[in-house]
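What follows is entry.cif (mmCIF, C-alpha atoms and all ligand atoms).
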```
data_structure
loop_
_atom_site.label_atom_id
_atom_site.label_comp_id
_atom_site.auth_asym_id
_atom_site.auth_seq_id
_atom_site.Cartn_x
_atom_site.Cartn_y
_atom_site.Cartn_z
CA MET A 10 16.20 -5.61 -11.05
CA LYS A 11 14.62 -6.15 -7.66
CA LYS A 12 15.58 -3.44 -5.17
CA ILE A 13 14.88 -2.94 -1.50
CA SER A 14 12.76 0.18 -1.12
CA GLN A 15 15.34 2.59 0.21
CA GLY A 16 17.39 5.49 -1.16
CA ASN A 17 17.20 6.50 -4.82
CA VAL A 18 15.35 3.58 -6.44
CA TYR A 19 14.64 5.02 -9.90
CA ASP A 20 14.84 8.14 -12.04
CA ARG A 21 13.44 10.95 -9.81
CA VAL A 22 12.12 8.50 -7.21
CA HIS A 23 13.50 8.43 -3.66
CA VAL A 24 12.28 6.49 -0.67
CA ALA A 25 11.60 8.32 2.59
CA ALA A 26 12.14 6.38 5.81
CA ASN A 27 12.01 2.65 5.95
CA PRO A 28 11.52 -0.20 3.39
CA MET A 29 8.79 -1.68 5.58
CA TYR A 30 6.65 1.46 5.21
CA PRO A 31 8.19 3.29 2.26
CA ALA A 32 6.98 6.75 1.31
CA TYR A 33 7.96 7.28 -2.31
CA VAL A 34 9.03 10.82 -3.15
CA VAL A 35 8.74 11.75 -6.83
CA THR A 36 10.63 14.90 -7.74
CA GLY A 37 9.50 16.88 -10.78
CA SER A 38 11.25 20.02 -11.99
CA SER A 39 8.55 22.23 -10.43
CA LYS A 40 6.61 20.12 -7.90
CA ASN A 41 7.31 17.25 -5.53
CA LEU A 42 4.94 14.46 -4.60
CA MET A 43 5.00 11.86 -1.83
CA ILE A 44 3.06 8.64 -2.34
CA ASP A 45 1.82 7.06 0.91
CA CYS A 46 3.10 7.81 4.37
CA GLY A 47 3.18 4.59 6.38
CA ILE A 48 2.33 4.31 10.06
CA ASN A 49 1.95 7.39 12.24
CA LEU A 50 4.98 6.47 14.40
CA PHE A 51 7.20 7.08 11.36
CA GLY A 52 6.11 10.71 10.89
CA PRO A 53 9.38 12.24 12.18
CA LEU A 54 11.38 9.83 10.00
CA TYR A 55 9.52 10.96 6.90
CA THR A 56 10.24 14.63 7.57
CA LYS A 57 13.90 13.77 8.23
CA SER A 58 14.08 11.95 4.89
CA LEU A 59 12.29 14.85 3.16
CA THR A 60 15.01 17.18 4.44
CA GLU A 61 17.65 14.88 2.95
CA ILE A 62 15.84 14.49 -0.38
CA LEU A 63 14.40 18.00 -0.92
CA GLY A 64 16.57 20.19 1.32
CA THR A 65 13.52 21.06 3.43
CA PRO A 66 10.18 19.26 4.04
CA ASP A 67 8.39 22.47 2.99
CA ARG A 68 9.30 21.73 -0.63
CA LEU A 69 6.82 18.86 -0.65
CA ASP A 70 3.75 19.96 -2.63
CA TYR A 71 1.52 16.88 -2.63
CA LEU A 72 0.91 13.78 -0.54
CA PHE A 73 -1.20 11.21 -2.41
CA ILE A 74 -2.53 8.13 -0.64
CA THR A 75 -3.02 4.76 -2.34
CA HIS A 76 -5.73 3.40 -0.03
CA SER A 77 -7.45 3.68 3.32
CA HIS A 78 -5.26 1.41 5.47
CA TYR A 79 -3.60 2.81 8.57
CA ASP A 80 -0.15 1.68 7.41
CA HIS A 81 -0.38 3.76 4.22
CA LEU A 82 -1.82 7.03 5.48
CA GLY A 83 -0.83 6.91 9.14
CA SER A 84 1.50 9.91 9.05
CA ALA A 85 -0.82 12.13 7.00
CA PRO A 86 -2.17 14.11 9.99
CA TYR A 87 1.38 14.55 11.38
CA LEU A 88 2.73 15.70 7.99
CA LYS A 89 -0.17 18.14 7.55
CA ARG A 90 0.58 19.64 10.98
CA ARG A 91 4.30 19.80 10.14
CA ILE A 92 3.87 21.06 6.55
CA PRO A 93 0.52 22.93 6.40
CA SER A 94 0.99 23.84 2.72
CA ILE A 95 0.92 20.23 1.43
CA LYS A 96 -2.10 19.16 -0.55
CA ILE A 97 -3.28 15.71 0.50
CA GLY A 98 -5.04 13.66 -2.16
CA GLY A 99 -6.85 10.33 -2.12
CA ALA A 100 -10.06 8.59 -3.15
CA PRO A 101 -13.28 10.40 -2.12
CA TYR A 102 -14.18 7.46 0.16
CA ILE A 103 -11.05 8.14 2.25
CA ASN A 104 -12.23 11.68 2.81
CA ASP A 105 -15.37 10.42 4.54
CA LEU A 106 -13.44 7.81 6.48
CA LEU A 107 -10.74 10.08 7.84
CA GLN A 108 -13.25 12.46 9.36
CA LYS A 109 -14.87 9.76 11.50
CA GLU A 110 -13.61 9.72 15.09
CA SER A 111 -14.45 5.99 15.38
CA VAL A 112 -12.27 5.11 12.38
CA ILE A 113 -9.38 7.23 13.64
CA ALA A 114 -9.67 5.64 17.11
CA ARG A 115 -9.52 2.18 15.53
CA MET A 116 -6.42 3.11 13.52
CA ASN A 117 -4.73 4.49 16.66
CA GLY A 118 -5.60 1.18 18.36
CA LEU A 119 -4.08 -0.88 15.53
CA ILE A 120 -0.80 0.95 15.93
CA GLU A 121 -0.42 0.21 19.64
CA HIS A 122 1.16 -3.22 19.11
CA GLN A 123 3.83 -1.57 16.94
CA ARG A 124 4.90 0.83 19.69
CA VAL A 125 7.12 -1.91 21.11
CA SER A 126 9.16 -1.96 17.91
CA PHE A 127 8.91 1.63 16.71
CA GLY A 128 7.79 3.81 19.63
CA ASP A 129 11.27 5.33 20.04
CA ILE A 130 11.21 6.80 16.54
CA ALA A 131 8.43 9.21 17.44
CA GLY A 132 10.13 10.30 20.70
CA ASP A 133 8.13 13.07 22.36
CA GLU A 134 6.53 14.24 19.13
CA ASP A 135 2.77 14.20 18.77
CA VAL A 136 2.22 11.66 16.01
CA ARG A 137 -1.36 10.71 16.90
CA LEU A 138 -3.78 10.17 14.07
CA THR A 139 -6.44 12.85 14.17
CA PRO A 140 -9.35 13.42 11.77
CA ILE A 141 -8.30 15.20 8.60
CA ARG A 142 -9.94 16.36 5.40
CA LEU A 143 -8.46 15.66 1.97
CA ASP A 144 -7.43 18.73 0.00
CA ILE A 145 -8.02 16.92 -3.31
CA GLU A 146 -10.43 14.09 -4.07
CA LEU A 147 -8.75 12.00 -6.77
CA ARG A 148 -10.52 10.13 -9.55
CA GLU A 149 -9.63 7.99 -12.55
CA GLY A 150 -7.82 9.99 -15.22
CA ASP A 151 -6.91 12.99 -13.06
CA GLU A 152 -3.47 14.34 -13.99
CA PHE A 153 -0.94 16.47 -12.11
CA ASP A 154 1.99 18.17 -13.80
CA LEU A 155 5.09 18.00 -11.61
CA GLY A 156 7.29 19.58 -14.28
CA GLY A 157 8.55 17.04 -16.82
CA LEU A 158 6.58 14.33 -15.04
CA THR A 159 2.85 13.74 -15.10
CA CYS A 160 1.14 11.91 -12.28
CA ARG A 161 -1.89 10.08 -13.69
CA VAL A 162 -4.48 8.67 -11.29
CA MET A 163 -5.89 5.16 -11.82
CA GLU A 164 -8.70 3.54 -9.86
CA VAL A 165 -7.56 -0.02 -9.12
CA PRO A 166 -10.03 -1.60 -6.67
CA GLY A 167 -9.76 -5.14 -5.29
CA HIS A 168 -7.36 -4.84 -2.37
CA THR A 169 -9.77 -2.25 -1.03
CA ARG A 170 -12.54 -0.57 -2.96
CA ASP A 171 -10.78 2.81 -2.67
CA CYS A 172 -7.40 1.76 -4.10
CA LEU A 173 -5.65 4.23 -6.38
CA ALA A 174 -2.45 3.70 -8.37
CA TYR A 175 -0.27 6.52 -9.65
CA TYR A 176 1.40 6.23 -13.04
CA PHE A 177 4.00 8.47 -14.67
CA PRO A 178 3.94 7.94 -18.46
CA GLU A 179 7.20 9.81 -19.10
CA THR A 180 9.23 7.36 -17.01
CA ARG A 181 6.70 4.48 -17.07
CA ALA A 182 6.85 4.35 -13.28
CA LEU A 183 3.91 2.79 -11.44
CA PHE A 184 2.97 3.06 -7.74
CA PRO A 185 0.15 0.63 -6.93
CA GLY A 186 0.38 0.52 -3.13
CA GLU A 187 -0.91 -3.01 -2.45
CA ALA A 188 -3.28 -3.19 -5.42
CA ALA A 189 -0.92 -5.57 -7.25
CA GLY A 190 0.11 -7.70 -4.26
CA VAL A 191 3.24 -7.54 -2.14
CA PRO A 192 6.53 -9.46 -2.39
CA GLN A 193 6.51 -12.00 0.40
CA GLY A 194 9.15 -12.54 3.09
CA THR A 195 12.58 -11.01 3.41
CA GLY A 196 13.66 -12.28 -0.01
CA GLY A 197 10.51 -11.07 -1.75
CA GLY A 198 10.53 -14.04 -4.14
CA ALA A 199 6.91 -15.11 -3.76
CA VAL A 200 3.90 -12.84 -4.03
CA GLN A 201 1.50 -12.23 -1.19
CA VAL A 202 -1.95 -11.97 -2.75
CA GLU A 203 -3.85 -8.99 -1.38
CA PHE A 204 -7.44 -9.04 -2.62
CA LEU A 205 -9.70 -8.09 0.27
CA SER A 206 -12.72 -6.35 -1.23
CA SER A 207 -13.08 -8.24 -4.52
CA PHE A 208 -11.26 -11.12 -6.24
CA GLU A 209 -12.58 -10.12 -9.68
CA ASP A 210 -11.78 -6.41 -9.30
CA TYR A 211 -8.30 -7.27 -8.04
CA LEU A 212 -7.52 -9.36 -11.13
CA ARG A 213 -8.99 -6.73 -13.45
CA SER A 214 -6.86 -4.03 -11.79
CA ILE A 215 -3.64 -6.06 -12.14
CA ARG A 216 -4.50 -6.70 -15.80
CA ARG A 217 -4.90 -2.95 -16.37
CA MET A 218 -1.49 -2.35 -14.79
CA ILE A 219 0.11 -5.08 -16.93
CA ASP A 220 -1.34 -3.35 -20.01
CA LEU A 221 0.65 -0.21 -19.11
CA GLU A 222 3.90 -2.19 -19.53
CA PRO A 223 5.63 -0.26 -16.72
CA ARG A 224 9.42 -0.12 -16.51
CA PHE A 225 9.37 0.52 -12.78
CA ILE A 226 6.99 -0.56 -10.05
CA ALA A 227 7.27 0.59 -6.44
CA ILE A 228 5.36 -1.70 -4.08
CA GLY A 229 3.65 -0.50 -0.90
CA HIS A 230 5.95 -2.61 1.27
CA GLY A 231 9.54 -3.76 0.90
CA PHE A 232 10.60 -3.69 -2.71
CA ALA A 233 10.65 -1.98 -6.06
CA PHE A 234 11.30 -3.57 -9.45
CA THR A 235 12.95 -2.06 -12.51
CA ASP A 236 13.14 -2.99 -16.19
CA GLU A 237 11.74 -6.41 -17.14
CA ASP A 238 11.36 -7.37 -13.47
CA ALA A 239 8.54 -4.82 -13.16
CA MET A 240 6.40 -6.69 -15.68
CA ASP A 241 7.59 -10.02 -14.30
CA PHE A 242 6.30 -9.08 -10.85
CA LEU A 243 2.87 -8.11 -12.20
CA GLU A 244 2.59 -11.30 -14.28
CA ARG A 245 3.61 -13.43 -11.29
CA SER A 246 1.16 -11.59 -9.08
CA TYR A 247 -1.66 -12.22 -11.57
CA GLY A 248 -0.88 -15.95 -11.68
CA ALA A 249 -0.41 -16.17 -7.90
CA THR A 250 -3.92 -14.79 -7.38
CA PHE A 251 -5.51 -17.86 -9.03
CA GLU A 252 -3.17 -20.22 -7.14
CA TYR A 253 -4.02 -18.56 -3.85
CA ARG A 254 -7.75 -18.82 -4.48
CA LYS A 255 -7.27 -22.55 -5.20
CA ILE A 256 -5.49 -23.00 -1.86
CA LEU A 257 -8.27 -21.17 0.01
CA GLU A 258 -10.89 -23.32 -1.77
CA GLU A 259 -9.02 -26.49 -0.74
CA TYR A 260 -8.99 -25.42 2.91
CA LEU A 261 -12.68 -24.59 2.68
CA ASP A 262 -13.39 -28.01 1.13
CA ALA A 263 -11.39 -29.77 3.85
CA ALA A 264 -13.36 -27.85 6.50
CA GLY A 265 -16.67 -28.84 4.90
CA GLY A 266 -17.32 -25.21 3.98
CA ASN A 267 -16.93 -23.95 7.55
CA VAL A 268 -15.26 -20.57 7.14
CA GLU A 269 -13.98 -20.18 10.73
CA SER A 270 -12.46 -23.70 10.77
CA ALA A 271 -10.77 -23.08 7.44
CA ILE A 272 -9.26 -19.82 8.72
CA SER A 273 -7.92 -21.49 11.90
CA GLU A 274 -6.34 -24.26 9.88
CA ILE A 275 -4.75 -21.84 7.40
CA VAL A 276 -3.27 -19.76 10.23
CA ARG A 277 -1.91 -22.89 11.92
CA ARG A 278 -0.37 -24.43 8.83
CA GLU A 279 0.51 -21.52 6.54
CA TYR A 280 1.51 -18.90 9.12
CA ASP A 281 2.56 -20.66 12.34
CA GLU A 282 4.13 -23.86 10.95
CA LYS A 283 5.77 -22.55 7.79
CA GLY A 284 6.89 -19.25 9.34
CA THR A 285 7.56 -17.70 5.94
CA ILE A 286 4.97 -14.91 6.09
CA PHE A 287 6.59 -11.75 7.46
CA GLN A 288 3.43 -9.89 8.32
CA GLU A 289 2.26 -9.05 11.81
CA ARG A 290 0.09 -12.01 12.93
CA ASN A 291 -3.06 -10.03 13.80
CA ALA A 292 -2.92 -8.12 10.52
CA TYR A 293 -2.43 -11.42 8.69
CA ILE A 294 -5.47 -12.99 10.37
CA MET A 295 -7.61 -9.90 9.71
CA ASN A 296 -6.78 -9.92 6.00
CA LEU A 297 -7.06 -13.69 5.70
CA THR A 298 -10.50 -13.61 7.30
CA ALA A 299 -11.72 -11.08 4.72
CA GLN A 300 -10.29 -13.19 1.91
CA VAL A 301 -11.72 -16.54 3.04
CA ARG A 302 -15.14 -15.02 3.68
CA HIS A 303 -15.08 -13.40 0.25
CA ILE A 304 -14.10 -16.63 -1.54
CA ALA A 305 -16.73 -18.56 0.45
CA SER A 306 -19.34 -16.04 -0.71
CA LEU A 307 -18.45 -16.75 -4.34
CA ARG A 308 -19.04 -20.54 -4.01
FE FE B 1 -3.53 -2.36 2.53
#
```

Before we go any further, please render this structure as structure tokens.
Ligand SMILES: [Fe+2]
Amino acid sequence: MKKISQGNVYDRVHVAANPMYPAYVVTGSSKNLMIDCGINLFGPLYTKSLTEILGTPDRLDYLFITHSHYDHLGSAPYLKRRIPSIKIGGAPYINDLLQKESVIARMNGLIEHQRVSFGDIAGDEDVRLTPIRLDIELREGDEFDLGGLTCRVMEVPGHTRDCLAYYFPETRALFPGEAAGVPQGTGGGAVQVEFLSSFEDYLRSIRRMIDLEPRFIAIGHGFAFTDEDAMDFLERSYGATFEYRKILEEYLDAAGGNVESAISEIVRREYDEKGTIFQERNAYIMNLTAQVRHIASLR
């Protein structure tokens, strides 16, 4: 079944805040874990949801991040200020990144255009991103016992080089962030292909996730899939990655190999004319640019 990411989406999995930037809360019998924490403006919404799910935000033990994008870790500094006891985990590379003032300033800049839509949520609270240090550097094969549920860490590069997925063998629940693509549009029927750092790594990572045969997959934006639809999403995402590369190659061919011309034409035709991509336009162009440049480099 395809579900919008809100409420109780699976056995011991609740969604904090909003389907657009879902923070998945996994509740074990002894520990509780949040996976990702959206944009910084949503910080107060996450703590409100944590109160509803856990009784009090202080019962959250871990916050694990899937990758180093501002819309997946944006509320981490706020949550650490609000709940000092939480242990924040992520790839070692994120640890370096989040301590750089320049990176934090850039992330705060990226969020400014979203203030129009979501500024009210934060109210007077201080939700600014500030440099933080990870409490735990996570690596392939690390395991965390939540009480009846084990969180296993997988390195799944391709979207970014620091992507981690979290897998729970007892319930066969998988949380890949954006490492396996994202359902596209409000209906979520098509798959938005998300390789940014490496086409080959991205495919290899999706193949590894398919091999797990998950029964639940919670995507970094919008939707979660249960039962056979979990595998179906991964298989479709794998196939869509080849199709998408073909489309980018065709645009590059039509532009005589000129990367910038190909990007302009893709934005005009695929984003502006079709109007079916529900991603903020600047973010779309930024990701598309990385993808077209990467594919051009492979030719
Ligand atoms: Fe991302």

*Expected answer as a list in words: residues within 7 Å of ligand FE 1 (chain B), only C-alpha atoms and all ligand atoms*: His76, His78, His168 and Glu187 of chain A

_Shell of 9 Å around Leu158 in chain A, all atoms listed in the file, local chain residues under 3 positions omitted, as a list in words_ = Val35, Thr36, Gly37, Ser38, Phe153, Asp154, Leu155, Phe177, Pro178, Glu179 and Thr180 of chain A

*asked:* Quick check, in Å to one decimal: how far apart do CA of Ser77 in chain A and CA of Met116 in chain A lie?
replied: 10.3 Å

*What lies within 6 Å of range 243-260 of chain A using all atoms listed in the file, ignoring chain neighbours under 4 positions off, as a list in words?*
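So, after excluding close chain neighbours, the residues are Val200, Val202 and Ala271 of chain A.
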
*Provide the CA of Arg181 in chain A to CA of Leu212 in chain A distance in Å, to one decimal place.*
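Interatomic distance here is 20.7 Å.
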
*Using all atoms listed in the file, which of the listed residues (A:Pro192, A:Gly118, A:Gly157, A:Pro86) sits closest to Leu143 in chain A?*
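Among A:Pro192, A:Gly118, A:Gly157, A:Pro86, it is A:Pro86 that comes nearest to Leu143 in chain A.
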
*CA of Ala182 in chain A to CA of Lys96 in chain A, straight-line distance in Å*: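 Atom-to-atom, CA of Lys96 in chain A and CA of Ala182 in chain A are spaced 21.5 Å apart.
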